[in-house]
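Asker: Pasting structure_37.cif here (mmCIF, C-alpha atoms and all ligand atoms):
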data_entry
#
loop_
_atom_site.label_atom_id
_atom_site.label_comp_id
_atom_site.auth_asym_id
_atom_site.auth_seq_id
_atom_site.Cartn_x
_atom_site.Cartn_y
_atom_site.Cartn_z
CA MET A 1 -16.92 -11.38 7.73
CA SER A 2 -14.06 -9.00 7.40
CA VAL A 3 -13.71 -6.55 10.24
CA LYS A 4 -12.00 -3.16 10.46
CA LEU A 5 -8.71 -3.79 12.21
CA PHE A 6 -7.73 -1.45 15.02
CA ILE A 7 -4.93 -3.79 16.07
CA PRO A 8 -1.23 -2.83 15.89
CA GLY A 9 -0.54 -4.92 12.82
CA PRO A 10 -1.28 -6.44 10.54
CA VAL A 11 -3.42 -3.54 9.42
CA ASP A 12 -6.05 -3.28 6.71
CA VAL A 13 -4.53 -2.77 3.27
CA GLU A 14 -6.08 -0.55 0.60
CA ALA A 15 -7.50 -2.46 -2.37
CA ASP A 16 -5.22 -0.79 -4.93
CA VAL A 17 -2.15 -1.69 -2.84
CA LEU A 18 -3.33 -5.31 -2.50
CA GLU A 19 -3.72 -5.53 -6.27
CA LYS A 20 -0.01 -4.86 -6.70
CA LEU A 21 0.73 -8.22 -5.08
CA ALA A 22 -0.69 -9.79 -8.25
CA THR A 23 1.92 -8.16 -10.50
CA PRO A 24 3.35 -10.84 -12.87
CA GLN A 25 6.53 -12.46 -11.51
CA ILE A 26 9.94 -11.16 -12.51
CA GLY A 27 13.39 -12.71 -12.25
CA HIS A 28 15.06 -11.57 -9.08
CA ARG A 29 18.37 -11.10 -10.89
CA SER A 30 16.85 -8.97 -13.64
CA LYS A 31 17.38 -5.27 -14.23
CA GLU A 32 13.68 -4.85 -13.48
CA ALA A 33 14.25 -6.26 -9.97
CA SER A 34 17.19 -3.88 -9.43
CA ASP A 35 15.13 -0.95 -10.63
CA LEU A 36 12.29 -1.93 -8.30
CA GLN A 37 14.57 -2.23 -5.26
CA GLY A 38 16.30 1.02 -6.25
CA ARG A 39 13.03 2.92 -6.37
CA ILE A 40 11.95 1.54 -2.99
CA ALA A 41 15.31 2.50 -1.48
CA GLU A 42 15.06 6.09 -2.71
CA LYS A 43 11.58 6.49 -1.27
CA LEU A 44 12.49 4.87 2.04
CA GLN A 45 15.42 7.29 2.34
CA LYS A 46 12.91 10.12 2.19
CA LEU A 47 10.62 8.48 4.73
CA MET A 48 13.52 7.79 7.10
CA PHE A 49 15.26 11.14 6.51
CA THR A 50 18.53 9.43 5.69
CA LYS A 51 21.25 9.18 3.08
CA ASN A 52 22.27 5.76 4.37
CA LEU A 53 21.98 2.52 2.42
CA ILE A 54 18.52 0.92 2.44
CA ILE A 55 18.28 -2.84 2.80
CA LEU A 56 15.24 -5.10 2.49
CA SER A 57 14.75 -8.42 4.24
CA THR A 58 12.33 -11.13 3.25
CA SER A 59 11.33 -11.71 6.85
CA SER A 60 9.21 -9.80 9.27
CA GLY A 61 10.79 -6.93 11.21
CA SER A 62 12.20 -9.32 13.81
CA GLY A 63 14.52 -10.63 11.08
CA ILE A 64 16.35 -7.29 10.87
CA MET A 65 16.36 -6.96 14.66
CA GLU A 66 18.21 -10.29 14.85
CA MET A 67 20.38 -9.44 11.82
CA SER A 68 21.51 -6.13 13.29
CA ILE A 69 22.19 -7.12 16.89
CA ARG A 70 24.01 -10.27 15.82
CA SER A 71 26.03 -8.62 13.05
CA CYS A 72 26.98 -5.44 14.94
CA THR A 73 27.85 -6.58 18.46
CA LYS A 74 31.54 -7.27 18.93
CA LYS A 75 31.89 -6.38 22.59
CA ARG A 76 28.56 -6.16 24.42
CA ALA A 77 25.07 -4.83 23.68
CA ALA A 78 23.12 -2.52 25.98
CA VAL A 79 19.48 -3.45 25.42
CA PHE A 80 16.98 -0.84 26.62
CA SER A 81 13.44 -2.06 27.09
CA VAL A 82 10.10 -0.49 27.89
CA GLY A 83 8.03 -3.57 27.14
CA ALA A 84 7.65 -6.83 25.24
CA PHE A 85 9.41 -5.78 22.04
CA GLY A 86 12.34 -4.29 23.89
CA ASP A 87 12.63 -7.60 25.78
CA ARG A 88 12.72 -9.36 22.41
CA TRP A 89 16.10 -7.77 21.55
CA TYR A 90 17.51 -9.24 24.75
CA LYS A 91 16.13 -12.68 23.96
CA MET A 92 17.72 -12.44 20.51
CA ALA A 93 21.06 -11.54 22.07
CA THR A 94 21.06 -14.40 24.57
CA THR A 95 19.83 -17.03 22.08
CA ASN A 96 22.58 -15.98 19.65
CA ASN A 97 25.30 -16.09 22.31
CA ILE A 98 25.76 -12.33 22.17
CA PRO A 99 26.95 -10.69 25.41
CA ALA A 100 24.24 -8.23 26.45
CA ASP A 101 22.76 -6.42 29.44
CA HIS A 102 19.07 -5.66 29.80
CA PHE A 103 18.03 -2.20 31.02
CA LYS A 104 14.31 -2.19 31.77
CA SER A 105 12.34 0.94 32.60
CA GLU A 106 9.57 1.00 35.20
CA PRO A 107 6.12 0.19 33.75
CA GLY A 108 4.88 3.02 31.53
CA MET A 109 8.20 4.88 31.74
CA PRO A 110 10.49 5.62 28.78
CA THR A 111 14.11 4.85 28.06
CA THR A 112 15.81 8.14 28.92
CA PRO A 113 18.99 9.74 27.57
CA GLN A 114 20.30 9.68 31.17
CA MET A 115 19.87 5.89 31.39
CA VAL A 116 21.78 5.46 28.14
CA GLU A 117 24.52 7.84 29.28
CA GLU A 118 24.93 5.96 32.58
CA ALA A 119 25.36 2.69 30.71
CA LEU A 120 27.74 4.03 28.07
CA LYS A 121 29.95 5.77 30.64
CA THR A 122 31.06 2.33 31.83
CA GLY A 123 32.75 1.75 28.45
CA LYS A 124 31.38 -1.79 28.38
CA TYR A 125 29.13 -1.47 25.33
CA ASP A 126 29.52 -1.11 21.58
CA VAL A 127 25.82 -1.47 20.66
CA VAL A 128 22.69 0.22 22.02
CA THR A 129 19.20 -0.97 21.10
CA VAL A 130 16.11 1.18 21.65
CA THR A 131 12.46 0.59 20.73
CA HIS A 132 11.11 3.74 19.12
CA ASN A 133 7.46 2.84 19.53
CA GLU A 134 6.77 0.11 22.12
CA THR A 135 3.59 -1.48 20.82
CA SER A 136 2.76 -3.26 24.08
CA ALA A 137 2.96 -0.05 26.12
CA GLY A 138 1.68 2.53 23.62
CA LEU A 139 4.85 4.46 24.39
CA MET A 140 7.23 6.42 22.17
CA ASN A 141 10.83 6.80 23.28
CA PRO A 142 12.85 9.98 22.68
CA VAL A 143 15.15 8.43 20.07
CA HIS A 144 16.49 11.79 18.88
CA GLU A 145 17.54 12.92 22.36
CA ILE A 146 19.04 9.48 23.05
CA GLY A 147 20.95 9.84 19.77
CA GLU A 148 22.60 13.03 21.07
CA VAL A 149 24.08 11.01 23.96
CA ILE A 150 25.22 8.17 21.72
CA LYS A 151 27.04 10.62 19.40
CA LYS A 152 29.52 11.23 22.23
CA TYR A 153 30.57 7.57 21.95
CA PRO A 154 31.79 7.07 18.38
CA ASP A 155 32.37 3.33 18.80
CA VAL A 156 28.76 2.64 19.70
CA ILE A 157 26.30 1.41 17.06
CA TYR A 158 22.74 2.67 17.56
CA LEU A 159 19.96 0.23 16.58
CA VAL A 160 16.35 1.44 16.60
CA ASP A 161 13.19 -0.65 16.23
CA ALA A 162 10.57 1.46 14.43
CA VAL A 163 8.40 -1.48 13.39
CA SER A 164 5.14 0.05 14.54
CA SER A 165 5.93 3.71 13.87
CA LEU A 166 7.69 4.13 10.52
CA GLY A 167 5.16 5.80 8.25
CA GLY A 168 3.12 7.11 11.19
CA ALA A 169 5.61 9.32 12.99
CA LYS A 170 8.61 11.38 11.97
CA ILE A 171 11.95 9.73 12.68
CA GLU A 172 15.02 11.52 11.34
CA ALA A 173 17.59 8.76 11.18
CA ASP A 174 20.60 10.86 10.16
CA LYS A 175 19.89 13.73 12.53
CA ALA A 176 19.52 11.25 15.42
CA GLY A 177 22.65 9.35 14.36
CA ILE A 178 20.75 6.08 14.05
CA ASP A 179 22.94 3.39 12.49
CA VAL A 180 20.16 0.90 11.82
CA LEU A 181 16.55 2.09 11.65
CA LEU A 182 14.32 -0.92 10.98
CA SER A 183 10.66 -1.54 10.28
CA SER A 184 8.13 -3.96 8.76
CA THR A 185 5.49 -3.54 6.07
CA GLN A 186 2.40 -4.57 8.05
CA LYS A 187 2.06 -1.76 10.57
CA SER A 188 2.08 2.00 9.94
CA LEU A 189 3.04 1.55 6.29
CA GLY A 190 -0.17 -0.31 5.42
CA VAL A 191 1.28 -3.13 3.29
CA PRO A 192 0.69 -6.88 3.94
CA PRO A 193 3.11 -8.71 6.29
CA GLY A 194 6.16 -10.43 4.87
CA LEU A 195 8.88 -7.85 4.23
CA ALA A 196 11.11 -5.73 6.43
CA MET A 197 13.40 -2.80 5.70
CA ALA A 198 16.14 -0.75 7.32
CA SER A 199 18.54 2.09 6.77
CA VAL A 200 22.11 1.02 7.53
CA SER A 201 25.10 3.28 8.15
CA GLU A 202 28.56 2.66 6.74
CA LYS A 203 29.75 2.46 10.36
CA ALA A 204 27.37 -0.43 11.06
CA ILE A 205 28.54 -2.31 7.96
CA GLU A 206 32.22 -1.74 8.82
CA ARG A 207 31.61 -3.03 12.34
CA ALA A 208 29.76 -6.08 11.04
CA LYS A 209 32.75 -6.98 8.84
CA THR A 210 34.79 -7.45 12.02
CA VAL A 211 32.24 -9.71 13.71
CA GLU A 212 32.62 -13.46 13.25
CA ASN A 213 29.73 -15.92 12.85
CA ARG A 214 27.09 -13.57 11.55
CA GLY A 215 25.11 -16.50 10.19
CA PHE A 216 24.05 -16.76 6.55
CA TYR A 217 20.47 -15.67 5.84
CA LEU A 218 20.58 -12.68 8.16
CA ASP A 219 24.18 -11.61 7.56
CA LEU A 220 24.12 -7.82 7.41
CA VAL A 221 27.36 -7.65 5.41
CA ASN A 222 26.04 -9.91 2.68
CA VAL A 223 22.63 -8.23 2.48
CA ALA A 224 24.23 -4.77 2.40
CA LYS A 225 26.78 -5.81 -0.23
CA LYS A 226 24.12 -7.03 -2.66
CA ALA A 227 22.04 -3.90 -2.07
CA GLN A 228 25.03 -1.61 -2.54
CA GLU A 229 26.42 -3.26 -5.64
CA LYS A 230 23.28 -4.20 -7.54
CA ASN A 231 20.16 -3.05 -5.72
CA GLN A 232 19.44 -6.72 -5.20
CA TYR A 233 18.91 -9.24 -2.44
CA PRO A 234 21.19 -12.26 -1.72
CA THR A 235 18.34 -14.80 -1.88
CA THR A 236 14.93 -14.72 -3.57
CA PRO A 237 13.04 -11.74 -2.16
CA ALA A 238 9.28 -11.34 -1.71
CA THR A 239 8.89 -9.47 -5.01
CA PRO A 240 5.07 -9.26 -4.73
CA HIS A 241 5.50 -7.27 -1.53
CA MET A 242 8.11 -5.10 -3.20
CA TRP A 243 5.62 -4.06 -5.90
CA ALA A 244 3.04 -3.25 -3.23
CA LEU A 245 5.56 -1.33 -1.11
CA ASP A 246 6.90 0.64 -4.09
CA TYR A 247 3.36 1.69 -4.97
CA LYS A 248 2.34 2.44 -1.39
CA LEU A 249 5.39 4.61 -0.77
CA ASP A 250 4.35 6.77 -3.76
CA LYS A 251 0.94 7.21 -2.20
CA ILE A 252 2.50 8.13 1.15
CA LEU A 253 5.03 10.58 -0.27
CA ASN A 254 3.10 12.12 -3.14
CA GLN A 255 -0.60 11.60 -2.54
CA GLU A 256 -1.03 12.14 1.19
CA GLY A 257 2.35 13.78 1.87
CA LEU A 258 4.59 12.99 4.83
CA GLU A 259 3.63 15.89 7.07
CA ASN A 260 -0.08 15.31 6.45
CA ARG A 261 0.35 11.65 7.25
CA PHE A 262 2.21 12.32 10.50
CA ASN A 263 -0.37 14.96 11.46
CA ARG A 264 -3.26 12.60 10.77
CA HIS A 265 -1.69 9.99 13.06
CA ALA A 266 -1.14 12.63 15.77
CA LYS A 267 -4.74 13.77 15.51
CA LEU A 268 -6.19 10.24 15.73
CA ALA A 269 -3.94 9.51 18.71
CA GLN A 270 -5.17 12.64 20.49
CA ILE A 271 -8.80 11.63 19.95
CA VAL A 272 -8.17 8.22 21.52
CA ARG A 273 -6.23 9.73 24.43
CA ASP A 274 -8.97 12.24 25.20
CA TRP A 275 -11.53 9.45 25.06
CA ALA A 276 -9.40 7.19 27.27
CA ASN A 277 -8.85 9.94 29.82
CA LYS A 278 -12.58 10.56 30.00
CA TYR A 279 -13.47 6.95 30.81
CA PHE A 280 -10.26 5.13 31.75
CA ALA A 281 -6.56 5.98 32.12
CA LEU A 282 -3.49 5.79 29.93
CA TYR A 283 -0.67 3.32 30.57
CA ALA A 284 2.25 5.38 29.29
CA LYS A 285 3.66 8.37 31.11
CA GLU A 286 2.51 11.74 29.79
CA GLY A 287 4.90 13.17 27.22
CA TYR A 288 5.71 9.71 25.84
CA TYR A 289 2.41 8.71 24.28
CA SER A 290 2.53 6.82 21.02
CA ASN A 291 0.94 8.36 17.96
CA THR A 292 0.19 4.99 16.35
CA VAL A 293 -1.21 2.83 19.19
CA THR A 294 -2.75 3.68 22.56
CA THR A 295 -2.64 1.37 25.59
CA ILE A 296 -5.58 2.06 27.87
CA MET A 297 -5.84 0.77 31.45
CA ASN A 298 -9.00 -1.30 31.93
CA THR A 299 -9.92 0.59 35.09
CA LYS A 300 -13.55 -0.51 35.00
CA GLY A 301 -12.59 -4.19 34.99
CA HIS A 302 -14.89 -5.25 32.14
CA SER A 303 -13.87 -8.27 30.05
CA VAL A 304 -11.75 -7.13 27.10
CA ALA A 305 -12.15 -10.55 25.43
CA ASP A 306 -15.96 -10.22 25.57
CA LEU A 307 -15.76 -6.67 24.26
CA ASN A 308 -13.75 -7.83 21.28
CA LYS A 309 -16.22 -10.65 20.60
CA GLU A 310 -19.08 -8.16 20.50
CA LEU A 311 -17.06 -5.69 18.44
CA GLY A 312 -16.39 -8.51 15.98
CA LYS A 313 -20.14 -8.90 15.40
CA ARG A 314 -20.28 -5.17 14.67
CA GLY A 315 -17.34 -5.20 12.26
CA TYR A 316 -14.38 -4.13 14.39
CA MET A 317 -11.39 -5.59 16.18
CA ILE A 318 -9.12 -4.06 18.84
CA SER A 319 -6.29 -5.68 20.86
CA ASN A 320 -6.15 -6.97 24.37
CA GLY A 321 -3.26 -5.93 26.61
CA TYR A 322 0.02 -7.61 25.67
CA GLY A 323 1.58 -10.27 27.93
CA ASP A 324 1.18 -9.35 31.61
CA LEU A 325 -1.23 -6.56 30.64
CA LYS A 326 -3.79 -8.96 29.18
CA GLU A 327 -7.26 -7.95 30.48
CA LYS A 328 -5.56 -5.30 32.64
CA ALA A 329 -5.37 -3.06 29.59
CA PHE A 330 -6.56 -2.91 26.01
CA ARG A 331 -5.04 -1.35 22.94
CA ILE A 332 -6.49 0.67 20.12
CA ALA A 333 -4.21 1.07 17.11
CA HIS A 334 -4.67 4.12 14.90
CA MET A 335 -2.04 3.50 12.28
CA ALA A 336 -1.58 3.30 8.51
CA ASP A 337 -4.80 4.38 6.78
CA ARG A 338 -7.39 4.64 9.54
CA THR A 339 -9.57 7.75 9.36
CA GLU A 340 -11.17 9.93 12.01
CA GLU A 341 -14.58 8.71 10.88
CA ASP A 342 -13.58 5.03 11.35
CA LEU A 343 -12.16 5.79 14.75
CA GLN A 344 -15.15 7.76 16.05
CA ALA A 345 -17.43 4.94 14.92
CA LEU A 346 -15.33 2.39 16.83
CA LEU A 347 -15.32 4.50 20.01
CA ARG A 348 -19.12 4.86 19.83
CA GLU A 349 -19.47 1.07 19.57
CA ILE A 350 -17.30 0.59 22.66
CA GLU A 351 -19.34 3.18 24.55
CA ASP A 352 -22.49 1.37 23.55
CA ILE A 353 -21.25 -2.13 24.46
CA TRP A 354 -19.82 -1.06 27.81
CA ASN A 355 -22.56 1.48 28.63
CA LEU A 356 -20.06 4.27 29.13
C1 LIG B 401 5.30 -5.90 15.69
C2 LIG B 401 6.55 -5.44 16.32
C3 LIG B 401 7.74 -6.15 16.22
C4 LIG B 401 7.80 -7.46 15.53
O1 LIG B 401 7.67 -7.24 14.18
P1 LIG B 401 7.46 -8.45 13.17
O2 LIG B 401 7.34 -7.73 11.87
O3 LIG B 401 6.21 -9.15 13.62
O4 LIG B 401 8.65 -9.31 13.28
C5 LIG B 401 8.88 -5.64 16.78
N1 LIG B 401 8.87 -4.48 17.41
C6 LIG B 401 7.75 -3.74 17.54
C7 LIG B 401 7.81 -2.45 18.28
C8 LIG B 401 6.56 -4.20 17.00
O5 LIG B 401 5.44 -3.49 17.13
#
As structure tokens, what does this structure read like?
Ligand SMILES: *Cc1c(COP(=O)(O)O)cnc(C)c1O
Answerer:
Amino acid sequence: MSVKLFIPGPVDVEADVLEKLATPQIGHRSKEASDLQGRIAEKLQKLMFTKNLIILSTSSGSGIMEMSIRSCTKKRAAVFSVGAFGDRWYKMATTNNIPADHFKSEPGMPTTPQMVEEALKTGKYDVVTVTHNETSAGLMNPVHEIGEVIKKYPDVIYLVDAVSSLGGAKIEADKAGIDVLLSSTQKSLGVPPGLAMASVSEKAIERAKTVENRGFYLDLVNVAKKAQEKNQYPTTPATPHMWALDYKLDKILNQEGLENRFNRHAKLAQIVRDWANKYFALYAKEGYYSNTVTTIMNTKGHSVADLNKELGKRGYMISNGYGDLKEKAFRIAHMADRTEEDLQALLREIEDIWNL
């Protein structure tokens, strides 16, 4: 039986978007392929509030995380982490032989502009990585305020992971001075997994040209060059996903509208927070709550695994806590195309199962 997914990706995909995956195949060196990538790029520029080049990657979002930290770090990367996905950047650095330092916040606390300033003042770093929306913690970092600090250090490249927030929250890449703003299809955008995208500044590309051993498949310079020159991709891209993404971006921009979409996410998030505060507690510090996924402390000590089993029988799925937070917390995602009606129905089922 298919269940309604309230997990932070992959999310349910609308039937008309899914149908686009069945578009007849095209040659990836054809004008049609260039036109398709060009249209996607234009729409992503609107969604990311940027004039920068848009690249696609036939990988999940982690592919562009690895591409950007490996291609842009010449000196040393300052990796800021507020949870599992922030830690992933550090793992990517160390496994690629990239000099990096790991700045972890206390549980539930954000990466602050002050922390970034302290690190950059040392002059040791030429890359900063920040997770916009930490999916394990249900926490959104102040990427715009952090950007104001980074602007004072013109040699620093600013990499932002917006995998679970792009399409669900407003991120103004150019205003924040973000050099690489990356995301994946399968979270707030509501497209099946298998493709990733990013905006890339000229500064990031110029830096990458000076870095040796960028690898082949995930070489930012090569991917950017093909996108810039021909609106194409160096290897064979996931064209079925491109058709679906192109179509979905039209729906986001023209049918629902960006502001409406961001407001809907904010409203759903508020409903879950109010509910969580009534019965449980929130993991993230107030002021830094995520608008696409909420991490709720399991203060009553019920079994989250059993809850999910029972929810499955009733047609729903939520997420357990991530990593160390397993069973200590649970997560309800409210991203992509979930509605208030869906969400209220889920919350009533949880109340019923746990006798709240
Ligand atoms: C899901 C997620 C990732 C990993 O994305 P993939 O597309 O699975 O590679 C990275 N960062 C965040 C914040 C995520 O939520």
Asker: Let me have the centre and edge lengths in Å, one decimal, of the box along x, y and z around every listed atom of range 71-78 of chain A with 4 Å of margin on each side, as AutoDock Vina command-line options.
Answerer:
--center_x 27.5 --center_y -5.6 --center_z 19.5 --size_x 16.8 --size_y 14.1 --size_z 20.9
Asker: How would you write, as number ranges by chain, the set of residues no farther than 9 Å from ligand LIG 401 (chain B) when counting only C-alpha atoms and all ligand atoms?
Answerer: A: 8-10, 59-65, 83-86, 88-89, 131-136, 161-165, 183-187, 193-196
Asker: Mind giving me the straight-line distance from CA of Thr94 in chain A to CA of Lys121 in chain A in Å, one decimal?
Answerer: 22.9 Å
Asker: Output as CSV one row per residue of range 178-243 of chain A within 10 Å of range 48-55 of chain A: the closest atom pair and its distance in Å to one decimal place, counting only C-alpha atoms, sorted by chain and residue number ascending.
Answerer:
residue,atom,partner,partner_atom,distance
A:Ile178,CA,A:Thr50,CA,9.3
A:Asp179,CA,A:Asn52,CA,8.5
A:Val180,CA,A:Asn52,CA,9.1
A:Leu181,CA,A:Met48,CA,7.9
A:Leu182,CA,A:Ile55,CA,9.3
A:Ala196,CA,A:Ile55,CA,8.5
A:Met197,CA,A:Ile55,CA,5.7
A:Ala198,CA,A:Ile55,CA,5.4
A:Ser199,CA,A:Ile54,CA,4.5
A:Val200,CA,A:Leu53,CA,5.3
A:Ser201,CA,A:Asn52,CA,5.3
A:Glu202,CA,A:Asn52,CA,7.4
A:Ile205,CA,A:Leu53,CA,9.9
A:Leu220,CA,A:Ile55,CA,9.0
A:Val223,CA,A:Ile55,CA,6.9
A:Ala224,CA,A:Ile55,CA,6.3
A:Lys225,CA,A:Ile55,CA,9.5
A:Lys226,CA,A:Ile55,CA,9.0
A:Ala227,CA,A:Ile55,CA,6.2
A:Gln228,CA,A:Leu53,CA,7.1
A:Asn231,CA,A:Ile55,CA,8.7
A:Gln232,CA,A:Ile55,CA,9.0
A:Tyr233,CA,A:Ile55,CA,8.3
Asker: Take the selection from the previous step and output its residues with C-alpha atoms, as a PDB file, keeping the file's coordinate frame.
Answerer:
ATOM      1  CA  ILE A 178      20.750   6.080  14.050  1.00  0.00           C
ATOM      2  CA  ASP A 179      22.940   3.390  12.490  1.00  0.00           C
ATOM      3  CA  VAL A 180      20.160   0.900  11.820  1.00  0.00           C
ATOM      4  CA  LEU A 181      16.550   2.090  11.650  1.00  0.00           C
ATOM      5  CA  LEU A 182      14.320  -0.920  10.980  1.00  0.00           C
ATOM      6  CA  ALA A 196      11.110  -5.730   6.430  1.00  0.00           C
ATOM      7  CA  MET A 197      13.400  -2.800   5.700  1.00  0.00           C
ATOM      8  CA  ALA A 198      16.140  -0.750   7.320  1.00  0.00           C
ATOM      9  CA  SER A 199      18.540   2.090   6.770  1.00  0.00           C
ATOM     10  CA  VAL A 200      22.110   1.020   7.530  1.00  0.00           C
ATOM     11  CA  SER A 201      25.100   3.280   8.150  1.00  0.00           C
ATOM     12  CA  GLU A 202      28.560   2.660   6.740  1.00  0.00           C
ATOM     13  CA  ILE A 205      28.540  -2.310   7.960  1.00  0.00           C
ATOM     14  CA  LEU A 220      24.120  -7.820   7.410  1.00  0.00           C
ATOM     15  CA  VAL A 223      22.630  -8.230   2.480  1.00  0.00           C
ATOM     16  CA  ALA A 224      24.230  -4.770   2.400  1.00  0.00           C
ATOM     17  CA  LYS A 225      26.780  -5.810  -0.230  1.00  0.00           C
ATOM     18  CA  LYS A 226      24.120  -7.030  -2.660  1.00  0.00           C
ATOM     19  CA  ALA A 227      22.040  -3.900  -2.070  1.00  0.00           C
ATOM     20  CA  GLN A 228      25.030  -1.610  -2.540  1.00  0.00           C
ATOM     21  CA  ASN A 231      20.160  -3.050  -5.720  1.00  0.00           C
ATOM     22  CA  GLN A 232      19.440  -6.720  -5.200  1.00  0.00           C
ATOM     23  CA  TYR A 233      18.910  -9.240  -2.440  1.00  0.00           C
TER      24      TYR A 233
END
Asker: At what distance in Å, to one decimal, does CA of Ile252 in chain A lie from CA of Glu42 in chain A?
Answerer: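 Interatomic distance here is 13.3 Å.
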Asker: Need the shell around Val149 in chain A: protein/DNA/RNA residues with any atom at most 12 Å away, counting only C-alpha atoms. Skip same-chain ones fewer than 3 positions apart. Format as a PDB file with C-alpha atoms, in the coordinates of the input?
Answerer:
ATOM      1  CA  THR A 112      15.810   8.140  28.920  1.00  0.00           C
ATOM      2  CA  PRO A 113      18.990   9.740  27.570  1.00  0.00           C
ATOM      3  CA  GLN A 114      20.300   9.680  31.170  1.00  0.00           C
ATOM      4  CA  MET A 115      19.870   5.890  31.390  1.00  0.00           C
ATOM      5  CA  VAL A 116      21.780   5.460  28.140  1.00  0.00           C
ATOM      6  CA  GLU A 117      24.520   7.840  29.280  1.00  0.00           C
ATOM      7  CA  GLU A 118      24.930   5.960  32.580  1.00  0.00           C
ATOM      8  CA  ALA A 119      25.360   2.690  30.710  1.00  0.00           C
ATOM      9  CA  LEU A 120      27.740   4.030  28.070  1.00  0.00           C
ATOM     10  CA  LYS A 121      29.950   5.770  30.640  1.00  0.00           C
ATOM     11  CA  VAL A 128      22.690   0.220  22.020  1.00  0.00           C
ATOM     12  CA  PRO A 142      12.850   9.980  22.680  1.00  0.00           C
ATOM     13  CA  VAL A 143      15.150   8.430  20.070  1.00  0.00           C
ATOM     14  CA  HIS A 144      16.490  11.790  18.880  1.00  0.00           C
ATOM     15  CA  GLU A 145      17.540  12.920  22.360  1.00  0.00           C
ATOM     16  CA  ILE A 146      19.040   9.480  23.050  1.00  0.00           C
ATOM     17  CA  LYS A 152      29.520  11.230  22.230  1.00  0.00           C
ATOM     18  CA  TYR A 153      30.570   7.570  21.950  1.00  0.00           C
ATOM     19  CA  PRO A 154      31.790   7.070  18.380  1.00  0.00           C
ATOM     20  CA  VAL A 156      28.760   2.640  19.700  1.00  0.00           C
ATOM     21  CA  TYR A 158      22.740   2.670  17.560  1.00  0.00           C
ATOM     22  CA  ALA A 176      19.520  11.250  15.420  1.00  0.00           C
ATOM     23  CA  GLY A 177      22.650   9.350  14.360  1.00  0.00           C
ATOM     24  CA  ILE A 178      20.750   6.080  14.050  1.00  0.00           C
TER      25      ILE A 178
END
Asker: Residues of range 89-206 of chain A that have any atom at most 9 Å from an atom of range 284-289 of chain A: could you tabulate them with the shortest-distance atom pair and the distance in Å to one decimal, using all atoms listed in the file, ordered by chain and increasing number, as JSON lines?
Answerer:
{"residue": "A:Pro107", "atom": "CA", "partner": "A:Ala284", "partner_atom": "CA", "distance": 7.9}
{"residue": "A:Gly108", "atom": "CA", "partner": "A:Ala284", "partner_atom": "CA", "distance": 4.2}
{"residue": "A:Met109", "atom": "CA", "partner": "A:Lys285", "partner_atom": "CA", "distance": 5.8}
{"residue": "A:Pro110", "atom": "CA", "partner": "A:Tyr288", "partner_atom": "CA", "distance": 6.9}
{"residue": "A:Ala137", "atom": "CA", "partner": "A:Ala284", "partner_atom": "CA", "distance": 6.3}
{"residue": "A:Gly138", "atom": "CA", "partner": "A:Tyr289", "partner_atom": "CA", "distance": 6.3}
{"residue": "A:Leu139", "atom": "CA", "partner": "A:Tyr289", "partner_atom": "CA", "distance": 4.9}
{"residue": "A:Met140", "atom": "CA", "partner": "A:Tyr288", "partner_atom": "CA", "distance": 5.2}
{"residue": "A:Asn141", "atom": "CA", "partner": "A:Tyr288", "partner_atom": "CA", "distance": 6.4}
{"residue": "A:Pro142", "atom": "CA", "partner": "A:Tyr288", "partner_atom": "CA", "distance": 7.8}
Asker: Work out how far apart CA of Leu5 in chain A and CA of Tyr316 in chain A are and give it in Å to one decimal.
Answerer: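 Result for CA of Leu5 in chain A versus CA of Tyr316 in chain A: 6.1 Å, one decimal.
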Asker: Go through A:Phe330, A:Cys72, A:Trp243, A:Leu189 and flag the residue nearest Asp12 in chain A, using only C-alpha atoms for the distances.
Answerer: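 Of all the options, A:Leu189 lies closest to Asp12 in chain A.
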